[in-house]
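Printed here is coords_24.txt (compact mmCIF, C-alpha atoms and all ligand atoms):
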# COMPACT_ATOMS: atom_id res chain seq x y z
CA MET L 1 102.71 -61.14 -124.57
CA SER L 2 99.74 -61.55 -122.26
CA ILE L 3 99.58 -62.40 -118.57
CA LEU L 4 96.62 -64.19 -117.01
CA THR L 5 96.38 -63.50 -113.27
CA VAL L 6 94.20 -65.64 -111.03
CA GLY L 7 93.66 -65.53 -107.28
CA THR L 8 91.74 -63.89 -104.47
CA VAL L 9 90.52 -60.31 -104.62
CA ALA L 10 89.60 -59.77 -101.02
CA PHE L 11 89.27 -57.91 -97.75
CA ASP L 12 91.95 -58.33 -95.10
CA SER L 13 92.14 -57.38 -91.44
CA ILE L 14 95.77 -57.11 -90.45
CA GLU L 15 97.51 -56.60 -87.15
CA THR L 16 101.24 -55.93 -86.97
CA PRO L 17 103.36 -54.55 -84.10
CA PHE L 18 102.95 -51.15 -85.83
CA GLY L 19 99.20 -50.99 -86.03
CA LYS L 20 95.95 -52.47 -87.19
CA ALA L 21 93.98 -52.17 -90.39
CA ASP L 22 90.42 -53.41 -90.56
CA ARG L 23 88.83 -54.76 -93.75
CA ILE L 24 91.24 -53.18 -96.19
CA VAL L 25 91.50 -54.34 -99.79
CA GLY L 26 93.90 -57.22 -100.35
CA GLY L 27 93.92 -60.62 -101.96
CA ALA L 28 96.63 -62.49 -103.81
CA CYS L 29 95.38 -61.52 -107.28
CA THR L 30 95.14 -57.85 -106.32
CA TYR L 31 98.82 -57.68 -105.33
CA ILE L 32 99.91 -59.83 -108.29
CA SER L 33 98.05 -57.76 -110.87
CA TRP L 34 99.23 -54.40 -109.54
CA ALA L 35 102.83 -55.62 -109.40
CA ALA L 36 102.74 -57.11 -112.92
CA SER L 37 101.06 -53.98 -114.31
CA TYR L 38 104.30 -51.97 -113.99
CA PHE L 39 105.97 -54.26 -116.53
CA HIS L 40 103.25 -55.24 -118.85
CA LYS L 41 100.07 -53.81 -120.28
CA ASP L 42 98.11 -56.92 -121.30
CA ILE L 43 97.02 -58.26 -117.91
CA ARG L 44 93.89 -60.39 -117.77
CA LEU L 45 92.43 -60.95 -114.31
CA VAL L 46 90.27 -63.92 -113.26
CA ALA L 47 88.68 -63.69 -109.81
CA VAL L 48 85.41 -63.36 -107.92
CA VAL L 49 84.15 -60.72 -105.47
CA GLY L 50 80.87 -59.98 -103.73
CA ASP L 51 78.87 -56.79 -104.22
CA ASP L 52 80.59 -55.40 -101.11
CA PHE L 53 83.84 -54.80 -103.04
CA PRO L 54 84.55 -51.08 -103.63
CA GLN L 55 83.93 -49.93 -107.18
CA PHE L 56 86.71 -47.34 -107.00
CA GLU L 57 89.27 -50.11 -106.41
CA LEU L 58 88.09 -51.86 -109.56
CA ASP L 59 88.17 -48.56 -111.47
CA ALA L 60 91.76 -47.98 -110.29
CA MET L 61 92.78 -51.40 -111.60
CA ARG L 62 91.07 -50.73 -114.92
CA SER L 63 92.80 -47.40 -115.33
CA GLN L 64 96.11 -49.17 -114.71
CA GLY L 65 95.28 -51.28 -117.77
CA ILE L 66 94.23 -54.44 -115.93
CA ASN L 67 91.52 -56.23 -117.89
CA LEU L 68 88.62 -57.19 -115.57
CA ASP L 69 86.47 -59.07 -118.11
CA GLY L 70 87.18 -62.26 -116.13
CA LEU L 71 86.08 -60.80 -112.78
CA GLN L 72 82.76 -62.16 -111.50
CA ILE L 73 80.76 -59.90 -109.15
CA LYS L 74 78.23 -61.89 -107.12
CA GLU L 75 75.13 -59.90 -106.14
CA GLY L 76 74.13 -60.27 -102.49
CA GLU L 77 77.31 -62.18 -101.57
CA LYS L 78 80.42 -61.31 -99.60
CA SER L 79 84.00 -61.15 -100.84
CA PHE L 80 86.71 -63.50 -99.54
CA PHE L 81 87.94 -62.32 -96.12
CA TRP L 82 91.22 -63.08 -94.35
CA ALA L 83 92.48 -61.86 -90.99
CA GLY L 84 96.02 -62.28 -89.75
CA LYS L 85 98.23 -61.16 -86.92
CA TYR L 86 102.01 -60.89 -87.27
CA HIS L 87 104.41 -61.94 -84.52
CA GLU L 88 106.68 -59.37 -82.83
CA ASN L 89 109.58 -60.23 -85.20
CA MET L 90 107.24 -59.90 -88.25
CA ASN L 91 108.61 -63.15 -89.73
CA GLY L 92 105.73 -65.33 -88.66
CA ARG L 93 102.01 -64.72 -88.61
CA ASP L 94 98.87 -66.43 -87.36
CA THR L 95 95.78 -66.64 -89.50
CA LEU L 96 92.86 -65.52 -87.34
CA ALA L 97 90.10 -66.02 -89.90
CA THR L 98 89.63 -67.30 -93.44
CA GLU L 99 86.09 -66.75 -94.73
CA LEU L 100 85.80 -68.19 -98.21
CA ASN L 101 82.40 -66.53 -98.94
CA VAL L 102 82.20 -66.11 -102.76
CA LEU L 103 85.24 -68.35 -103.18
CA ALA L 104 83.40 -71.38 -101.78
CA ASP L 105 81.58 -72.09 -105.07
CA PHE L 106 83.66 -70.04 -107.50
CA ASP L 107 83.59 -71.48 -111.00
CA PRO L 108 86.19 -69.54 -113.01
CA VAL L 109 85.06 -68.84 -116.55
CA LEU L 110 87.75 -67.59 -118.90
CA PRO L 111 86.46 -65.10 -121.47
CA ASP L 112 87.34 -66.34 -125.00
CA SER L 113 89.80 -63.45 -125.32
CA TYR L 114 91.82 -64.84 -122.36
CA LYS L 115 92.17 -68.43 -123.59
CA ASP L 116 95.36 -67.84 -125.58
CA SER L 117 97.22 -66.16 -122.70
CA GLN L 118 100.96 -66.87 -122.82
CA TYR L 119 102.06 -66.27 -119.24
CA ILE L 120 99.84 -67.71 -116.51
CA MET L 121 100.11 -66.62 -112.88
CA LEU L 122 97.99 -68.87 -110.68
CA GLY L 123 97.92 -66.95 -107.41
CA ASN L 124 97.00 -68.41 -104.05
CA LEU L 125 93.54 -69.96 -104.39
CA THR L 126 91.70 -73.27 -104.12
CA PRO L 127 93.89 -75.75 -106.08
CA SER L 128 90.92 -77.25 -107.97
CA ILE L 129 90.06 -73.74 -109.22
CA GLN L 130 93.66 -73.22 -110.35
CA MET L 131 93.30 -76.51 -112.27
CA LYS L 132 90.01 -75.40 -113.89
CA VAL L 133 91.78 -72.33 -115.24
CA ILE L 134 94.55 -74.40 -116.82
CA GLU L 135 91.94 -76.70 -118.40
CA GLN L 136 90.27 -73.79 -120.22
CA LEU L 137 93.43 -72.63 -122.02
CA THR L 138 93.23 -73.41 -125.73
CA VAL L 139 96.86 -72.61 -126.59
CA LYS L 140 99.80 -74.08 -124.69
CA PRO L 141 101.18 -71.20 -122.59
CA LYS L 142 104.87 -70.29 -122.47
CA LEU L 143 104.99 -70.42 -118.69
CA ILE L 144 102.70 -71.37 -115.81
CA VAL L 145 103.66 -70.09 -112.36
CA LEU L 146 101.72 -71.19 -109.26
CA ASP L 147 101.72 -69.78 -105.76
CA THR L 148 100.03 -71.49 -102.83
CA MET L 149 100.12 -71.69 -99.04
CA ASN L 150 99.95 -74.09 -96.08
CA PHE L 151 96.15 -73.59 -95.80
CA TRP L 152 95.66 -75.53 -99.07
CA MET L 153 98.30 -78.13 -98.13
CA ASP L 154 96.24 -78.79 -94.99
CA ILE L 155 92.83 -79.11 -96.62
CA ALA L 156 93.36 -79.97 -100.31
CA LEU L 157 96.74 -81.68 -100.67
CA ASP L 158 95.69 -84.14 -103.41
CA ASP L 159 94.20 -81.37 -105.56
CA LEU L 160 97.31 -79.29 -104.97
CA LYS L 161 99.62 -82.12 -106.04
CA ALA L 162 97.50 -82.64 -109.18
CA VAL L 163 97.81 -79.02 -110.27
CA ILE L 164 101.50 -78.78 -109.33
CA LYS L 165 102.14 -81.53 -111.93
CA LYS L 166 100.97 -79.17 -114.68
CA ILE L 167 103.06 -76.10 -113.92
CA ASP L 168 106.55 -74.79 -114.68
CA VAL L 169 107.37 -72.67 -111.61
CA LEU L 170 106.17 -73.09 -108.02
CA THR L 171 106.62 -70.25 -105.51
CA ILE L 172 106.20 -71.05 -101.82
CA ASN L 173 107.80 -70.00 -98.55
CA ASP L 174 110.37 -72.03 -96.63
CA GLU L 175 107.94 -73.50 -94.09
CA GLU L 176 105.54 -74.49 -96.87
CA ALA L 177 108.42 -76.12 -98.81
CA ARG L 178 109.23 -78.18 -95.71
CA GLN L 179 105.57 -79.12 -95.21
CA LEU L 180 105.05 -80.10 -98.85
CA SER L 181 108.24 -82.17 -99.12
CA GLY L 182 108.58 -83.56 -95.60
CA GLU L 183 112.25 -82.50 -95.73
CA HIS L 184 113.87 -79.96 -93.42
CA SER L 185 116.83 -79.12 -95.66
CA LEU L 186 115.61 -76.70 -98.32
CA VAL L 187 117.99 -78.24 -100.87
CA LYS L 188 116.46 -81.68 -100.31
CA ALA L 189 112.96 -80.14 -100.19
CA ALA L 190 113.60 -78.48 -103.55
CA ARG L 191 114.58 -81.83 -105.10
CA VAL L 192 111.48 -83.59 -103.76
CA ILE L 193 109.16 -80.78 -104.90
CA ARG L 194 110.64 -80.59 -108.39
CA GLU L 195 110.03 -84.31 -108.74
CA MET L 196 106.34 -83.45 -108.28
CA GLY L 197 106.38 -81.52 -111.59
CA PRO L 198 107.70 -77.95 -111.69
CA LYS L 199 111.08 -77.46 -113.38
CA TYR L 200 111.69 -74.31 -111.36
CA LEU L 201 111.08 -73.69 -107.68
CA VAL L 202 111.25 -70.37 -105.83
CA ILE L 203 111.47 -70.62 -102.05
CA LYS L 204 110.65 -67.29 -100.38
CA LYS L 205 112.31 -66.67 -97.04
CA GLY L 206 110.76 -63.34 -96.06
CA GLU L 207 113.37 -60.89 -94.82
CA HIS L 208 116.02 -63.52 -95.64
CA GLY L 209 115.48 -63.34 -99.39
CA ALA L 210 114.52 -65.91 -102.01
CA LEU L 211 116.09 -69.01 -103.57
CA LEU L 212 115.57 -70.12 -107.16
CA PHE L 213 116.19 -73.80 -107.99
CA HIS L 214 116.51 -75.24 -111.50
CA GLY L 215 118.36 -78.43 -112.49
CA GLU L 216 121.60 -78.40 -110.53
CA GLU L 217 121.60 -74.59 -110.25
CA ILE L 218 120.67 -72.48 -107.25
CA PHE L 219 120.37 -68.70 -107.24
CA PHE L 220 119.89 -66.59 -104.13
CA ALA L 221 118.62 -63.02 -103.98
CA PRO L 222 118.60 -61.19 -100.66
CA ALA L 223 115.66 -59.16 -99.41
CA LEU L 224 116.39 -55.46 -99.16
CA PRO L 225 117.26 -54.60 -95.55
CA LEU L 226 114.59 -51.99 -94.73
CA GLU L 227 114.48 -49.58 -91.82
CA GLN L 228 110.83 -50.26 -91.24
CA VAL L 229 108.51 -53.04 -92.35
CA PHE L 230 104.93 -52.00 -91.64
CA ASP L 231 102.99 -54.89 -93.09
CA PRO L 232 104.43 -57.99 -94.81
CA THR L 233 101.01 -58.97 -96.21
CA GLY L 234 101.12 -59.49 -99.92
CA ALA L 235 104.92 -59.56 -100.16
CA GLY L 236 104.80 -63.06 -101.69
CA ASP L 237 102.08 -62.12 -104.16
CA THR L 238 103.84 -58.91 -105.12
CA PHE L 239 106.99 -60.96 -105.66
CA ALA L 240 105.06 -63.31 -107.95
CA GLY L 241 103.53 -60.42 -109.91
CA GLY L 242 106.89 -58.71 -110.40
CA PHE L 243 108.52 -62.04 -111.32
CA ILE L 244 106.03 -62.96 -114.05
CA GLY L 245 105.59 -59.35 -115.18
CA TYR L 246 109.32 -59.04 -115.84
CA LEU L 247 109.49 -62.43 -117.59
CA ALA L 248 106.53 -61.61 -119.86
CA SER L 249 107.88 -58.17 -120.73
CA THR L 250 111.27 -59.63 -121.73
CA ASP L 251 109.83 -62.89 -123.13
CA ASP L 252 113.07 -64.65 -122.18
CA LEU L 253 112.93 -67.84 -120.12
CA SER L 254 116.66 -68.44 -119.77
CA PHE L 255 117.96 -69.14 -116.26
CA GLU L 256 119.89 -65.83 -116.34
CA ASN L 257 116.68 -63.94 -117.01
CA MET L 258 114.79 -65.91 -114.34
CA LYS L 259 117.43 -64.69 -111.88
CA ARG L 260 116.72 -61.10 -112.94
CA ALA L 261 113.00 -61.77 -112.52
CA VAL L 262 113.65 -62.93 -108.94
CA VAL L 263 115.41 -59.63 -108.25
CA TYR L 264 112.56 -57.61 -109.82
CA GLY L 265 110.05 -59.57 -107.74
CA SER L 266 112.09 -58.96 -104.58
CA ALA L 267 112.41 -55.25 -105.38
CA LEU L 268 108.66 -54.83 -105.74
CA ALA L 269 107.98 -56.87 -102.61
CA SER L 270 110.30 -54.56 -100.68
CA CYS L 271 108.03 -51.66 -101.66
CA THR L 272 104.75 -53.38 -100.68
CA VAL L 273 105.83 -54.03 -97.08
CA GLU L 274 106.57 -50.36 -96.40
CA LYS L 275 102.86 -49.47 -96.12
CA PHE L 276 99.71 -51.29 -95.05
CA GLY L 277 97.89 -53.36 -97.65
CA ILE L 278 98.06 -52.34 -101.29
CA GLU L 279 98.71 -48.64 -100.63
CA LYS L 280 102.33 -48.65 -101.80
CA ILE L 281 102.05 -51.13 -104.69
CA LYS L 282 99.24 -49.00 -106.15
CA SER L 283 101.31 -45.86 -106.31
CA LEU L 284 104.74 -46.76 -107.65
CA SER L 285 106.49 -45.00 -110.50
CA ILE L 286 108.97 -46.54 -112.90
CA ASP L 287 111.66 -44.38 -111.26
CA ASP L 288 110.81 -45.90 -107.85
CA ILE L 289 111.26 -49.39 -109.30
CA ASN L 290 114.51 -48.52 -111.10
CA ASP L 291 115.89 -46.97 -107.89
CA ARG L 292 115.13 -50.19 -106.02
CA ILE L 293 116.78 -52.28 -108.72
CA ARG L 294 119.95 -50.13 -108.53
CA THR L 295 119.96 -50.56 -104.73
CA PHE L 296 119.63 -54.34 -105.17
CA GLU L 297 122.45 -54.33 -107.67
CA LYS L 298 124.74 -52.61 -105.16
CA LEU L 299 123.64 -54.95 -102.39
CA MET L 300 124.36 -58.03 -104.46
CA THR L 301 127.54 -57.13 -106.31
CA VAL L 302 131.00 -57.93 -105.02
CA ASN L 303 134.26 -57.93 -106.91
CA MET L 304 136.05 -61.00 -105.54
CA GLU L 305 139.82 -61.38 -105.51
CA SER L 306 140.60 -65.01 -106.27
CA LEU L 307 143.02 -66.81 -103.95
CA VAL L 308 143.83 -69.24 -106.74
CA LYS L 309 146.02 -67.46 -109.32
P1 LIG W 401 100.88 -63.22 -98.73
O1 LIG W 401 101.18 -62.27 -97.60
O2 LIG W 401 101.72 -62.99 -99.94
O3 LIG W 401 100.82 -64.64 -98.28
O4 LIG W 401 99.40 -62.88 -99.23
C1 LIG W 401 98.42 -62.39 -98.39
C2 LIG W 401 97.14 -62.26 -99.17
O5 LIG W 401 96.64 -63.57 -99.46
C3 LIG W 401 96.06 -61.54 -98.40
O6 LIG W 401 95.74 -60.34 -99.07
C4 LIG W 401 94.88 -62.49 -98.34
O7 LIG W 401 93.66 -61.93 -98.75
C5 LIG W 401 95.25 -63.63 -99.26
N1 LIG W 401 94.96 -64.93 -98.66
C6 LIG W 401 95.08 -65.29 -97.36
N2 LIG W 401 94.72 -66.57 -97.18
C7 LIG W 401 94.37 -67.05 -98.40
C8 LIG W 401 93.91 -68.32 -98.90
N3 LIG W 401 93.74 -69.36 -98.09
N4 LIG W 401 93.69 -68.44 -100.22
C9 LIG W 401 93.86 -67.39 -101.05
N5 LIG W 401 94.27 -66.18 -100.66
C10 LIG W 401 94.53 -66.00 -99.34

Turn the structure described in the file into structure tokens.
Amino acid sequence: MSILTVGTVAFDSIETPFGKADRIVGGACTYISWAASYFHKDIRLVAVVGDDFPQFELDAMRSQGINLDGLQIKEGEKSFFWAGKYHENMNGRDTLATELNVLADFDPVLPDSYKDSQYIMLGNLTPSIQMKVIEQLTVKPKLIVLDTMNFWMDIALDDLKAVIKKIDVLTINDEEARQLSGEHSLVKAARVIREMGPKYLVIKKGEHGALLFHGEEIFFAPALPLEQVFDPTGAGDTFAGGFIGYLASTDDLSFENMKRAVVYGSALASCTVEKFGIEKIKSLSIDDINDRIRTFEKLMTVNMESLVK
């Protein structure tokens, strides 16, 4: 199996109640690719950076097996930059700056060797660019997952709706689901959004877990209660990377396996938030991930006594 990962590779300035980090490496595609790389070895990245992006970060991705043939490096230009500040309760955040820089006129070109990719992870990015990636695929993929955010709903809603029509799974957070559907109830929102195209919808609720909707079924996975969350940045992208990485490595798209993928995504996201930026997601071992999965299993399992005999 092969996973195509698309999205921002960027610099972030982040402020949380626990500290500040200035111009550290981030970006949706960075988190996605690192997370997916623990499950799968054929990861093909499509993104753009300026010549300000640190070479050692690219080398680290390459040594993890992430294929960077689809990464464009623009001489004399600056990488995408995002700055955000989290609220005291860490659940909400304000975007302080979004500088598109190289992203403003990014024209994604898929190397020929990427065009038959089977699992497609369209990370948070300009919706028209996500669409251009889909249009270059020469073989129908097994699964297309798309992640987006309110920023694109505000400035490019029509393009977003056009690309959502073409995908299988949409991952967004609860507020974004409400904004996109115009419905407050997440169950109603899920129905409205699935009528827009995707058969599956994942609604991420931060420290309150994630919901998976498909047909008449709903699955809920909690988030791991953690003693300390340092920086929630990238939790959603890490979730997406773990989710698609697990699905591609098992090559099983049954609803039961999708549920497992939600738990794997949640487990990896719980690691990312324990350190600033990509520090933790870059340094996981398979034992770390298995430990988290066992902890999730305990958290989620209950042997119920039925009242009806
Ligand atoms: P998350 O916390 O999962 O929403 O992802 C945060 C990451 O998304 C950061 O590393 C940012 O660089 C990146 N990001 C922030 N805003 C945007 C945007 N409008 N488009 C694409 N990526 C973004």

**OP:** Between atom CA of Gly265 of chain L and atom CA of Ala21 of chain L, measure the distance and give it in Å to one decimal.
**Re:** 24.8 Å

Can you write out as a tab-separated table which residues of chain L fall within 8 Å of ligand LIG 401 (chain W), alongside each residue's closest atom pair and its distance in Å to one decimal, counting only C-alpha atoms and all ligand atoms and ordering rows by chain and ascending residue number?
residue	atom	partner	partner_atom	distance
L:Gly7	CA	W:LIG401	C9	6.5
L:Thr8	CA	W:LIG401	N5	5.1
L:Val9	CA	W:LIG401	O7	6.9
L:Ala10	CA	W:LIG401	O7	5.1
L:Phe11	CA	W:LIG401	O7	6.0
L:Asp12	CA	W:LIG401	O7	5.4
L:Val25	CA	W:LIG401	O6	7.4
L:Gly26	CA	W:LIG401	O6	3.8
L:Gly27	CA	W:LIG401	O6	3.4
L:Ala28	CA	W:LIG401	O5	4.5
L:Thr30	CA	W:LIG401	O6	7.7
L:Tyr31	CA	W:LIG401	O6	7.5
L:Phe80	CA	W:LIG401	O7	7.2
L:Phe81	CA	W:LIG401	O7	6.3
L:Trp82	CA	W:LIG401	O7	5.2
L:Ala83	CA	W:LIG401	C6	7.7
L:Thr95	CA	W:LIG401	N2	7.8
L:Thr98	CA	W:LIG401	N2	6.4
L:Gly123	CA	W:LIG401	C9	7.6
L:Asn124	CA	W:LIG401	C9	4.5
L:Leu125	CA	W:LIG401	C9	4.2
L:Thr126	CA	W:LIG401	N4	6.5
L:Thr148	CA	W:LIG401	N4	7.5
L:Met149	CA	W:LIG401	N3	6.9
L:Phe151	CA	W:LIG401	N3	5.4
L:Trp152	CA	W:LIG401	N3	6.5
L:Pro232	CA	W:LIG401	O1	6.1
L:Thr233	CA	W:LIG401	O1	3.6
L:Gly234	CA	W:LIG401	O2	3.6
L:Ala235	CA	W:LIG401	O2	4.7
L:Gly236	CA	W:LIG401	O2	3.5
L:Asp237	CA	W:LIG401	O2	4.3
L:Thr238	CA	W:LIG401	O2	6.9
L:Gly277	CA	W:LIG401	O6	7.4

Original post:
Using only C-alpha atoms, which residues sit within 10 Å of Tyr114 of chain L once same-chain residues fewer than 4 positions away are excluded, as an MDAnalysis selection string?
Top reply: chainID L and resid 2:4 43:46 67 69:70 109:110 118 136:138

Which residues of segment 51-149 of chain L come within 12 Å of segment 195-198 of chain L, and for each one, what is the closest pair of atoms and their distance in Å to one decimal, counting all atoms listed in the file, sorted by chain and residue number, as a tab-separated table?
residue	atom	partner	partner_atom	distance
L:Leu143	CA	L:Pro198	CA	10.6
L:Ile144	CA	L:Pro198	CA	9.2
L:Val145	CA	L:Pro198	CA	8.9
L:Leu146	CA	L:Pro198	CA	9.3
L:Asp147	CA	L:Pro198	CA	11.7

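The interatomic distance for the pair atom CA of Ser283 of chain L and atom CA of Ser37 of chain L works out to 11.4 Å.
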
Subject >> Straight-line distance linking atom CA of Ser181 of chain L with atom CA of Ile193 of chain L, stated in Å to one decimal >> reply: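 If I compute the distance from atom CA of Ser181 of chain L to atom CA of Ile193 of chain L, I get 6.0 Å.
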
Original post:
Between L:Ala221, L:Ala35, L:Leu284, L:Ile278, which is the closest to Thr301 of chain L once you count only C-alpha atoms?
Top reply: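 Looking only at the distances to Thr301 of chain L, the closest residue turns out to be L:Ala221.
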
Original post:
Do you know which residues are at most 9 Å from Leu201 of chain L counting only C-alpha atoms, after dropping those on the same chain fewer than 2 positions away, and could you put them as a PyMOL selection string?
Top reply: chain L and resi 168-172+190+193-194+198-199+203+211-214

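Distances from L:Ser13, L:Ile218, L:Asp51, L:Lys78 to Ala97 of chain L were compared using all atoms listed in the file, and the smallest one belongs to L:Ser13.
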
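Using all atoms listed in the file, the shortest contact distance between Glu274 of chain L and any of L:Gln228, L:Gln64, L:Thr16, L:Ser254 is found at L:Gln228.
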
Original post:
So, counting all atoms listed in the file, which residue among L:Ile120, L:Lys85, L:Ile73, L:Glu297 is closest to Asp22 of chain L?
Top reply: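 Ranked by minimum distance to Asp22 of chain L, first place goes to L:Lys85.
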
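The nearest approach to Val48 of chain L among the residues L:His184, L:Lys74, L:Lys166, L:His87, with all atoms listed in the file taken into account, belongs to L:Lys74.
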